[in-house]
>>> print(open('data.pdb').read())   # PDB, C-alpha atoms and all ligand atoms
ATOM      1  CA  MET A   1     -13.500 -13.794   1.499
ATOM      2  CA  SER A   2     -13.356 -11.978  -1.821
ATOM      3  CA  ALA A   3     -13.178  -8.176  -2.001
ATOM      4  CA  SER A   4     -14.933  -5.325  -0.268
ATOM      5  CA  PRO A   5     -15.319  -1.594  -0.929
ATOM      6  CA  ILE A   6     -13.552   1.267   0.862
ATOM      7  CA  SER A   7     -15.360   4.547   1.462
ATOM      8  CA  ILE A   8     -13.265   7.518   2.571
ATOM      9  CA  LYS A   9     -15.406  10.574   3.348
ATOM     10  CA  GLY A  10     -14.321  14.043   4.442
ATOM     11  CA  VAL A  11     -11.150  12.722   6.061
ATOM     12  CA  ASN A  12      -8.820  15.142   7.830
ATOM     13  CA  LYS A  13      -5.739  14.301   9.856
ATOM     14  CA  ILE A  14      -3.891  16.831  11.954
ATOM     15  CA  PHE A  15      -0.697  15.993  13.836
ATOM     16  CA  SER A  16       0.133  18.236  16.773
ATOM     17  CA  THR A  17       3.796  18.317  17.681
ATOM     18  CA  GLY A  18       4.469  20.837  20.439
ATOM     19  CA  GLU A  19       3.433  24.245  19.166
ATOM     20  CA  ARG A  20       3.192  23.155  15.541
ATOM     21  CA  GLU A  21       0.270  21.575  13.799
ATOM     22  CA  VAL A  22       0.732  19.610  10.623
ATOM     23  CA  VAL A  23      -2.345  19.173   8.450
ATOM     24  CA  ALA A  24      -1.400  15.860   6.870
ATOM     25  CA  LEU A  25      -4.772  15.142   5.204
ATOM     26  CA  LYS A  26      -7.489  17.585   4.228
ATOM     27  CA  ASP A  27     -10.997  16.803   2.961
ATOM     28  CA  ILE A  28     -10.166  13.458   1.398
ATOM     29  CA  ASP A  29     -13.062  11.788  -0.420
ATOM     30  CA  ILE A  30     -12.330   8.525  -2.233
ATOM     31  CA  GLU A  31     -14.865   5.811  -3.016
ATOM     32  CA  ILE A  32     -13.203   2.534  -3.962
ATOM     33  CA  PRO A  33     -15.456  -0.221  -5.319
ATOM     34  CA  SER A  34     -14.814  -3.881  -4.493
ATOM     35  CA  GLY A  35     -11.904  -5.371  -6.362
ATOM     36  CA  GLN A  36     -10.412  -2.132  -7.635
ATOM     37  CA  PHE A  37      -6.613  -1.716  -7.642
ATOM     38  CA  VAL A  38      -5.879   1.853  -6.552
ATOM     39  CA  CYS A  39      -2.459   3.494  -6.283
ATOM     40  CA  LEU A  40      -1.899   6.538  -4.077
ATOM     41  CA  LEU A  41       0.831   8.530  -5.789
ATOM     42  CA  GLY A  42       2.737  11.585  -4.689
ATOM     43  CA  PRO A  43       6.064  12.873  -3.420
ATOM     44  CA  SER A  44       7.336  12.361   0.094
ATOM     45  CA  GLY A  45       5.238  14.076   2.764
ATOM     46  CA  CYS A  46       1.926  14.271   0.900
ATOM     47  CA  GLY A  47       0.150  11.999   3.358
ATOM     48  CA  LYS A  48       0.045   8.695   1.478
ATOM     49  CA  SER A  49       1.122   6.607   4.461
ATOM     50  CA  THR A  50      -1.075   8.639   6.802
ATOM     51  CA  LEU A  51      -4.093   7.817   4.646
ATOM     52  CA  LEU A  52      -3.144   4.142   4.366
ATOM     53  CA  ASN A  53      -2.634   3.908   8.136
ATOM     54  CA  ALA A  54      -6.035   5.505   8.663
ATOM     55  CA  VAL A  55      -7.685   2.878   6.444
ATOM     56  CA  ALA A  56      -5.707   0.180   8.278
ATOM     57  CA  GLY A  57      -6.991   1.593  11.569
ATOM     58  CA  PHE A  58      -3.487   2.147  12.985
ATOM     59  CA  ALA A  59      -3.972   5.924  13.306
ATOM     60  CA  LEU A  60      -7.535   7.145  12.943
ATOM     61  CA  PRO A  61      -8.472  10.404  11.187
ATOM     62  CA  THR A  62      -8.997  13.574  13.211
ATOM     63  CA  SER A  63     -12.371  13.919  11.480
ATOM     64  CA  GLY A  64     -14.315  12.278   8.671
ATOM     65  CA  SER A  65     -15.093   8.607   8.243
ATOM     66  CA  ILE A  66     -13.647   5.496   6.688
ATOM     67  CA  VAL A  67     -15.940   2.561   6.021
ATOM     68  CA  THR A  68     -14.753  -0.836   4.805
ATOM     69  CA  GLY A  69     -17.158  -3.620   3.942
ATOM     70  CA  GLY A  70     -20.047  -1.712   5.559
ATOM     71  CA  ALA A  71     -18.387  -1.046   8.943
ATOM     72  CA  THR A  72     -16.695   2.139  10.153
ATOM     73  CA  VAL A  73     -12.975   1.680  10.785
ATOM     74  CA  THR A  74     -12.227   2.135  14.487
ATOM     75  CA  GLY A  75      -9.004   0.104  14.609
ATOM     76  CA  PRO A  76      -7.169  -2.664  12.770
ATOM     77  CA  GLY A  77      -9.364  -5.555  11.653
ATOM     78  CA  PRO A  78      -9.159  -8.913   9.888
ATOM     79  CA  ASP A  79     -10.829  -7.513   6.757
ATOM     80  CA  ARG A  80      -7.695  -5.432   6.058
ATOM     81  CA  GLY A  81      -4.215  -6.912   5.597
ATOM     82  CA  MET A  82      -1.155  -4.671   5.455
ATOM     83  CA  VAL A  83       2.148  -5.236   3.631
ATOM     84  CA  PHE A  84       4.961  -2.868   4.657
ATOM     85  CA  GLN A  85       8.153  -1.908   2.864
ATOM     86  CA  GLU A  86      10.298  -3.413   5.633
ATOM     87  CA  TYR A  87       8.690  -6.855   5.382
ATOM     88  CA  ALA A  88       7.901  -6.997   9.136
ATOM     89  CA  LEU A  89       8.576 -10.733   9.388
ATOM     90  CA  PHE A  90       9.349 -12.512  12.645
ATOM     91  CA  PRO A  91      13.088 -13.271  12.426
ATOM     92  CA  TRP A  92      12.889 -16.253  14.786
ATOM     93  CA  MET A  93      10.293 -18.041  12.673
ATOM     94  CA  THR A  94      10.830 -19.963   9.453
ATOM     95  CA  VAL A  95       9.054 -18.912   6.260
ATOM     96  CA  GLU A  96       6.381 -21.526   6.870
ATOM     97  CA  GLN A  97       5.874 -20.443  10.500
ATOM     98  CA  ASN A  98       5.671 -16.788   9.491
ATOM     99  CA  VAL A  99       2.888 -17.521   7.015
ATOM    100  CA  ALA A 100       1.060 -19.837   9.431
ATOM    101  CA  PHE A 101       1.255 -17.453  12.394
ATOM    102  CA  GLY A 102      -1.819 -15.342  11.636
ATOM    103  CA  LEU A 103      -3.930 -18.437  11.079
ATOM    104  CA  GLU A 104      -2.830 -19.911  14.417
ATOM    105  CA  ILE A 105      -3.728 -16.651  16.163
ATOM    106  CA  LYS A 106      -7.123 -16.785  14.467
ATOM    107  CA  GLY A 107      -7.593 -20.195  16.048
ATOM    108  CA  MET A 108      -7.754 -22.107  12.777
ATOM    109  CA  ASP A 109      -7.557 -25.865  13.115
ATOM    110  CA  LYS A 110      -3.908 -27.019  12.934
ATOM    111  CA  ALA A 111      -4.749 -29.703  10.390
ATOM    112  CA  ALA A 112      -6.291 -27.102   8.084
ATOM    113  CA  ILE A 113      -3.381 -24.655   8.402
ATOM    114  CA  ALA A 114      -0.636 -26.825   6.899
ATOM    115  CA  PRO A 115      -2.241 -27.409   3.461
ATOM    116  CA  ARG A 116      -3.362 -23.784   3.208
ATOM    117  CA  VAL A 117       0.145 -22.520   3.962
ATOM    118  CA  LEU A 118       1.737 -24.991   1.585
ATOM    119  CA  ALA A 119      -0.583 -23.927  -1.257
ATOM    120  CA  LEU A 120       0.321 -20.296  -0.698
ATOM    121  CA  LEU A 121       4.036 -21.023  -0.551
ATOM    122  CA  GLU A 122       3.654 -22.836  -3.840
ATOM    123  CA  THR A 123       1.751 -19.938  -5.428
ATOM    124  CA  LEU A 124       4.490 -17.504  -4.463
ATOM    125  CA  GLY A 125       7.407 -19.745  -5.425
ATOM    126  CA  LEU A 126       8.471 -20.181  -1.799
ATOM    127  CA  LYS A 127       7.974 -23.905  -1.301
ATOM    128  CA  ASP A 128      11.662 -24.768  -1.454
ATOM    129  CA  PHE A 129      12.436 -22.011   1.029
ATOM    130  CA  ARG A 130       9.851 -22.929   3.612
ATOM    131  CA  SER A 131      12.315 -24.010   6.315
ATOM    132  CA  ARG A 132      14.553 -20.970   5.954
ATOM    133  CA  PHE A 133      14.663 -18.011   8.289
ATOM    134  CA  PRO A 134      14.105 -14.464   6.967
ATOM    135  CA  LYS A 135      17.789 -13.558   7.395
ATOM    136  CA  ASP A 136      18.694 -16.244   4.852
ATOM    137  CA  LEU A 137      16.416 -14.812   2.163
ATOM    138  CA  SER A 138      16.854 -12.031  -0.398
ATOM    139  CA  GLY A 139      14.737  -8.871  -0.107
ATOM    140  CA  GLY A 140      12.450 -10.083  -2.895
ATOM    141  CA  MET A 141      11.896 -13.431  -1.187
ATOM    142  CA  ARG A 142      11.181 -11.745   2.132
ATOM    143  CA  GLN A 143       8.581  -9.567   0.487
ATOM    144  CA  ARG A 144       6.990 -12.659  -1.061
ATOM    145  CA  VAL A 145       6.708 -14.105   2.444
ATOM    146  CA  ALA A 146       5.119 -10.867   3.684
ATOM    147  CA  ILE A 147       2.571 -11.048   0.850
ATOM    148  CA  ALA A 148       1.905 -14.750   1.507
ATOM    149  CA  ARG A 149       1.301 -13.947   5.161
ATOM    150  CA  VAL A 150      -1.349 -11.369   4.321
ATOM    151  CA  LEU A 151      -2.913 -13.638   1.680
ATOM    152  CA  ALA A 152      -3.116 -16.462   4.231
ATOM    153  CA  LEU A 153      -5.563 -14.379   6.243
ATOM    154  CA  ASP A 154      -7.689 -13.949   3.127
ATOM    155  CA  SER A 155      -8.576 -10.342   3.962
ATOM    156  CA  PRO A 156     -10.804  -8.795   1.293
ATOM    157  CA  ILE A 157      -8.680  -5.627   1.361
ATOM    158  CA  MET A 158      -4.900  -5.476   0.904
ATOM    159  CA  LEU A 159      -3.116  -2.316   1.979
ATOM    160  CA  MET A 160       0.414  -1.994   0.658
ATOM    161  CA  ASP A 161       2.854   0.727   1.717
ATOM    162  CA  GLU A 162       5.647   0.962  -0.863
ATOM    163  CA  PRO A 163       6.035  -2.814  -0.675
ATOM    164  CA  PHE A 164       8.556  -3.002  -3.510
ATOM    165  CA  GLY A 165      10.397   0.261  -2.763
ATOM    166  CA  ALA A 166      13.536  -1.411  -1.437
ATOM    167  CA  LEU A 167      13.904  -3.961  -4.252
ATOM    168  CA  ASP A 168      16.086  -3.842  -7.361
ATOM    169  CA  ALA A 169      14.343  -3.129 -10.664
ATOM    170  CA  LEU A 170      14.180  -6.726 -11.913
ATOM    171  CA  THR A 171      12.883  -8.212  -8.649
ATOM    172  CA  ARG A 172      10.432  -5.366  -8.421
ATOM    173  CA  ARG A 173       8.945  -6.051 -11.860
ATOM    174  CA  ASN A 174       8.827  -9.731 -11.014
ATOM    175  CA  LEU A 175       6.816  -9.119  -7.873
ATOM    176  CA  GLN A 176       4.585  -6.575  -9.590
ATOM    177  CA  ASP A 177       3.667  -9.253 -12.148
ATOM    178  CA  GLU A 178       3.123 -11.758  -9.370
ATOM    179  CA  LEU A 179       0.863  -9.338  -7.522
ATOM    180  CA  LEU A 180      -1.173  -8.663 -10.675
ATOM    181  CA  ARG A 181      -1.583 -12.391 -11.192
ATOM    182  CA  ILE A 182      -2.746 -12.920  -7.609
ATOM    183  CA  TRP A 183      -5.073  -9.930  -7.795
ATOM    184  CA  ALA A 184      -6.603 -11.166 -11.068
ATOM    185  CA  ASP A 185      -7.138 -14.523  -9.377
ATOM    186  CA  LEU A 186      -8.470 -13.386  -6.028
ATOM    187  CA  LYS A 187      -9.940  -9.991  -7.003
ATOM    188  CA  LYS A 188      -9.128  -8.337  -3.707
ATOM    189  CA  THR A 189      -9.434  -4.591  -3.271
ATOM    190  CA  ILE A 190      -5.909  -3.148  -3.220
ATOM    191  CA  LEU A 191      -4.804   0.247  -1.951
ATOM    192  CA  PHE A 192      -1.140   0.610  -2.839
ATOM    193  CA  VAL A 193       1.149   3.503  -1.902
ATOM    194  CA  THR A 194       4.026   4.392  -4.178
ATOM    195  CA  HIS A 195       6.030   7.360  -5.296
ATOM    196  CA  SER A 196       7.000   5.631  -8.516
ATOM    197  CA  ILE A 197       4.928   6.934 -11.420
ATOM    198  CA  GLU A 198       5.855   3.939 -13.573
ATOM    199  CA  GLU A 199       4.858   1.484 -10.862
ATOM    200  CA  ALA A 200       1.476   3.184 -10.459
ATOM    201  CA  ILE A 201       0.729   3.096 -14.207
ATOM    202  CA  TYR A 202       1.944  -0.499 -14.489
ATOM    203  CA  LEU A 203      -0.294  -1.734 -11.694
ATOM    204  CA  ALA A 204      -3.358   0.366 -11.078
ATOM    205  CA  ASP A 205      -6.938   0.557 -12.314
ATOM    206  CA  ARG A 206      -6.960   4.012 -10.871
ATOM    207  CA  ILE A 207      -4.333   6.481  -9.650
ATOM    208  CA  VAL A 208      -5.041   9.076  -6.976
ATOM    209  CA  VAL A 209      -2.392  11.804  -7.086
ATOM    210  CA  MET A 210      -2.005  13.664  -3.803
ATOM    211  CA  THR A 211      -0.819  17.191  -3.080
ATOM    212  CA  TYR A 212       2.011  18.046  -0.726
ATOM    213  CA  ARG A 213       0.864  19.432   2.670
ATOM    214  CA  PRO A 214      -1.939  19.540   3.222
ATOM    215  CA  GLY A 215      -2.525  16.181   1.553
ATOM    216  CA  THR A 216      -5.546  16.508  -0.709
ATOM    217  CA  VAL A 217      -6.650  14.679  -3.836
ATOM    218  CA  LYS A 218      -5.025  16.518  -6.725
ATOM    219  CA  ARG A 219      -6.183  14.215  -9.518
ATOM    220  CA  ASP A 220      -8.083  10.953  -9.680
ATOM    221  CA  ILE A 221      -7.390   9.116 -12.958
ATOM    222  CA  LEU A 222      -8.729   5.826 -14.320
ATOM    223  CA  ILE A 223      -6.128   3.785 -16.196
ATOM    224  CA  ASP A 224      -7.852   1.595 -18.742
ATOM    225  CA  LEU A 225      -4.826   0.196 -20.597
ATOM    226  CA  PRO A 226      -4.952  -3.590 -21.020
ATOM    227  CA  ARG A 227      -2.596  -5.660 -18.852
ATOM    228  CA  LEU A 228       0.198  -6.663 -18.906
ATOM    229  CA  ARG A 229       1.126  -3.087 -19.728
ATOM    230  CA  ASP A 230       4.081  -2.152 -21.838
ATOM    231  CA  PRO A 231       6.112   0.687 -20.300
ATOM    232  CA  ALA A 232       7.588   1.360 -23.740
ATOM    233  CA  SER A 233       4.204   1.976 -25.394
ATOM    234  CA  ALA A 234       3.056   5.432 -26.509
ATOM    235  CA  GLU A 235      -0.028   5.358 -24.233
ATOM    236  CA  PHE A 236       2.075   4.416 -21.215
ATOM    237  CA  ASN A 237       4.507   7.226 -21.911
ATOM    238  CA  ALA A 238       1.760   9.793 -22.462
ATOM    239  CA  LEU A 239       0.397   8.923 -18.997
ATOM    240  CA  LYS A 240       3.892   9.054 -17.571
ATOM    241  CA  ARG A 241       4.339  12.609 -18.859
ATOM    242  CA  GLU A 242       0.930  13.719 -17.591
ATOM    243  CA  LEU A 243       1.438  12.232 -14.129
ATOM    244  CA  GLY A 244       5.066  13.318 -14.041
ATOM    245  CA  GLN A 245       3.965  16.920 -14.451
ATOM    246  CA  LEU A 246       1.451  16.613 -11.586
ATOM    247  CA  VAL A 247       3.924  14.969  -9.216
ATOM    248  CA  MET A 248       6.656  17.442 -10.107
ATOM    249  CA  GLU A 249       4.427  20.385  -9.165
ATOM    250  CA  GLU A 250       3.983  18.853  -5.708
ATOM    251  CA  GLN A 251       7.668  18.020  -5.403
ATOM    252  CA  GLN A 252       8.387  21.675  -6.117
ATOM    253  CA  ARG A 253       5.981  22.738  -3.357
ATOM    254  CA  HIS A 254       7.765  20.353  -0.987
ATOM    255  CA  HIS A 255      11.113  21.845  -1.982
ATOM    256  CA  ASN A 256       9.869  25.441  -1.519
ATOM    257  CA  ASP A 257       8.461  24.517   1.873
ATOM    258  CA  GLU A 258      11.817  23.100   2.972
ATOM    259  CA  ILE A 259      13.603  26.290   1.899
ATOM    260  CA  ARG A 260      11.046  28.397   3.764
ATOM    261  CA  MET A 261      11.419  26.259   6.921
ATOM    262  CA  ALA A 262      15.212  26.445   6.748
ATOM    263  CA  ALA A 263      14.959  30.249   6.507
ATOM    264  CA  VAL A 264      12.765  30.348   9.653
ATOM    265  CA  ASP A 265      15.211  28.188  11.690
TER     266      ASP A 265
HETATM  267  N1  LIG B 301       3.333  11.003  13.766
HETATM  268  C1  LIG B 301       3.482  12.170  13.148
HETATM  269  N2  LIG B 301       3.661  13.331  13.822
HETATM  270  C2  LIG B 301       3.809  14.511  13.197
HETATM  271  N3  LIG B 301       3.790  14.655  11.857
HETATM  272  C3  LIG B 301       3.620  13.551  11.116
HETATM  273  C4  LIG B 301       3.464  12.254  11.706
HETATM  274  N4  LIG B 301       3.313  11.339  10.706
HETATM  275  C5  LIG B 301       3.372  12.044   9.545
HETATM  276  N5  LIG B 301       3.551  13.352   9.789
HETATM  277  C6  LIG B 301       3.627  14.424   8.796
HETATM  278  O1  LIG B 301       2.487  14.335   7.973
HETATM  279  C7  LIG B 301       2.826  14.552   6.603
HETATM  280  C8  LIG B 301       2.448  13.342   5.763
HETATM  281  O2  LIG B 301       3.316  12.258   6.090
HETATM  282  P1  LIG B 301       3.236  10.822   5.381
HETATM  283  O3  LIG B 301       4.301   9.962   5.979
HETATM  284  O4  LIG B 301       1.856  10.329   5.421
HETATM  285  O5  LIG B 301       3.611  11.184   3.891
HETATM  286  P2  LIG B 301       3.979  10.217   2.703
HETATM  287  O6  LIG B 301       3.366  10.791   1.490
HETATM  288  O7  LIG B 301       3.616   8.822   3.058
HETATM  289  O8  LIG B 301       5.545  10.368   2.635
HETATM  290  P3  LIG B 301       6.679   9.223   2.456
HETATM  291  O9  LIG B 301       6.584   8.783   1.047
HETATM  292  O10 LIG B 301       7.950   9.974   2.766
HETATM  293  O11 LIG B 301       6.375   8.166   3.478
HETATM  294  C9  LIG B 301       4.306  14.848   6.575
HETATM  295  O12 LIG B 301       4.482  16.226   6.543
HETATM  296  C10 LIG B 301       4.819  14.252   7.880
HETATM  297  O13 LIG B 301       5.930  14.980   8.342
END
>>> encode(input="data.pdb", output="structure tokens")
Amino acid sequence: MSASPISIKGVNKIFSTGEREVVALKDIDIEIPSGQFVCLLGPSGCGKSTLLNAVAGFALPTSGSIVTGGATVTGPGPDRGMVFQEYALFPWMTVEQNVAFGLEIKGMDKAAIAPRVLALLETLGLKDFRSRFPKDLSGGMRQRVAIARVLALDSPIMLMDEPFGALDALTRRNLQDELLRIWADLKKTILFVTHSIEEAIYLADRIVVMTYRPGTVKRDILIDLPRLRDPASAEFNALKRELGQLVMEEQQRHHNDEIRMAAVD
């Protein structure tokens, strides 16, 4: 499977907790063509994960529609693979077993699984670690396994929720480069959540900046700098300033909201 488009139309998400209602997403419209690498950027609480989970089918919108590859999302599906920040590996399985698991569940022929898994482990530099358990791996290695596991399923859409957020700077850059290489190779559609401005500019074809509560699209920007991008370049820094200003405005709204809530309590 190669890539497929994502169509998000008029999406709203309201959480009701007791007497309070939180409008997490409001009137979200985003059309993502096949193969595009999109970053959702914004401060904590602006609905990035809520939107990603809606596309994944884990928590459907209150209203509006999400269509992937021509079908309306009504739940999780094999066309969408998700990579989480906390790796979500099975601790009792080796690296190899973790990557093979989804294929076994899919009912793939055992003889076909082994070479496919081995090729992926090789691609992600995990071959020598294939018999290890997750607890014996560094955070970066665990995240490689999580990515390999999603790639094994060959979903046309990859959804990534701050996948590199817990990693140190060097490992993070390493995995970002690896992801770009894989994406250039496989041309999957990627929807990637981050609150790092630099990460978004380094990776994305397009950055969607979200507002803090209710989560709306504040700005939708195409990034047409050639890759690999140089974070020290003038163009990169100009974008960093522009996006920094947008994110800071939302961070300020978040901060003001917290002060207001504390005053009510
Ligand atoms: N299950 C839930 N019940 C009630 N409110 C929720 C629920 N999930 C999210 N929210 C609220 O919806 C808003 C958006 O949350 P969300 O986690 O999507 O934001 P985010 O941008 O991903 O933030 P972070 O970067 O901190 O994960 C927040 O105000 C959050 O408190």
>>> residues_near_ligand(input="data.pdb", ligand="ligand LIG 301 (chain B)", cutoff="7 Å", atoms="only C-alpha atoms and all ligand atoms", output="JSON, numbers by chain")
{"A": [15, 16, 17, 22, 23, 24, 42, 43, 44, 45, 46, 47, 48, 49, 50, 51, 195, 213]}
>>> resolve_selection(input="data.pdb", expression="the PyMOL selection byres (((chain A and resi 91) around 7) and not hetatm)", output="CSV table (one decimal) with C-alpha atoms, in the coordinates of the input")
chain,number,residue,atom,x,y,z
A,89,LEU,CA,8.6,-10.7,9.4
A,90,PHE,CA,9.3,-12.5,12.6
A,92,TRP,CA,12.9,-16.3,14.8
A,93,MET,CA,10.3,-18.0,12.7
A,133,PHE,CA,14.7,-18.0,8.3
A,134,PRO,CA,14.1,-14.5,7.0
A,135,LYS,CA,17.8,-13.6,7.4
>>> closest_residue(input="data.pdb", among="A:Leu175, A:Val95, A:Ile201, A:Ile190", to="Asn237 in chain A", atoms="only C-alpha atoms")
A:Ile201
>>> resolve_selection(input="data.pdb", expression="the PyMOL selection byres (((chain A and resi 117) around 8) and not hetatm)", output="JSON list (two decimals) with C-alpha atoms, in the frame of the given file")
[["chain", "number", "residue", "atom", "x", "y", "z"],
["A", 96, "GLU", "CA", 6.38, -21.53, 6.87],
["A", 99, "VAL", "CA", 2.89, -17.52, 7.02],
["A", 100, "ALA", "CA", 1.06, -19.84, 9.43],
["A", 113, "ILE", "CA", -3.38, -24.66, 8.40],
["A", 114, "ALA", "CA", -0.64, -26.82, 6.90],
["A", 115, "PRO", "CA", -2.24, -27.41, 3.46],
["A", 116, "ARG", "CA", -3.36, -23.78, 3.21],
["A", 118, "LEU", "CA", 1.74, -24.99, 1.58],
["A", 119, "ALA", "CA", -0.58, -23.93, -1.26],
["A", 120, "LEU", "CA", 0.32, -20.30, -0.70],
["A", 121, "LEU", "CA", 4.04, -21.02, -0.55],
["A", 152, "ALA", "CA", -3.12, -16.46, 4.23]]
>>> atom_distance(input="data.pdb", atom1="CA of Gln251 in chain A", atom2="CA of Ile197 in chain A")
12.9 Å
>>> residues_around(input="data.pdb", residues="Lys240 in chain A", least_positions_apart="3", cutoff="10 Å", atoms="all atoms listed in the file", output="list in words")
Ile197, Glu198, Ala200, Ile201, Pro231, Ala234, Glu235, Phe236, Asn237, Leu243, Gly244, Gln245 and Leu246 of chain A
>>> atom_distance(input="data.pdb", atom1="CA of Gln143 in chain A", atom2="CA of Met108 in chain A")
24.0 Å
>>> closest_residue(input="data.pdb", among="A:Ile105, A:Val209, A:Leu137, A:Leu179", to="Pro78 in chain A", atoms="all atoms listed in the file")
A:Ile105
>>> atom_distance(input="data.pdb", atom1="CA of Thr211 in chain A", atom2="CA of Leu40 in chain A")
10.8 Å
>>> residues_around(input="data.pdb", residues="Ser4 in chain A", least_positions_apart="6", cutoff="7 Å", atoms="only C-alpha atoms", output="PyMOL selection string")
chain A and resi 34-35+68-69+156-157+189
>>> closest_residue(input="data.pdb", among="A:Gln176, A:Ser155, A:Val67, A:Tyr87", to="Met141 in chain A", atoms="only C-alpha atoms")
A:Tyr87
>>> residues_near_point(input="data.pdb", point="(7.3, -16.0, 2.3)", cutoff="6 Å", atoms="only C-alpha atoms", output="list in words")
Val95, Leu126, Arg142, Arg144, Val145, Ala146 and Ala148 of chain A
>>> closest_residue(input="data.pdb", among="A:Gly125, A:Gly102, A:Pro61, A:Gly18", to="Asp154 in chain A", atoms="only C-alpha atoms")
A:Gly102
>>> resolve_selection(input="data.pdb", expression="the PyMOL selection byres (((chain A and resi 31) around 7) and not hetatm)", output="list in words")
Ile6, Ser7, Ile8, Asp29, Ile30, Ile32 and Pro33 of chain A
>>> closest_residue(input="data.pdb", among="A:Leu239, A:Tyr212, A:Glu122, A:Arg130", to="Asn256 in chain A", atoms="all atoms listed in the file")
A:Tyr212
>>> closest_residue(input="data.pdb", among="A:Thr74, A:Phe192, A:Ser2, A:Leu103", to="Met160 in chain A", atoms="only C-alpha atoms")
A:Phe192
>>> axis_aligned_box(input="data.pdb", around="range 14-31 of chain A", padding_each_side="6 Å", output="JSON")
{"center_x": -5.2, "center_y": 15.0, "center_z": 8.7, "size_x": 31.3, "size_y": 30.4, "size_z": 35.5}
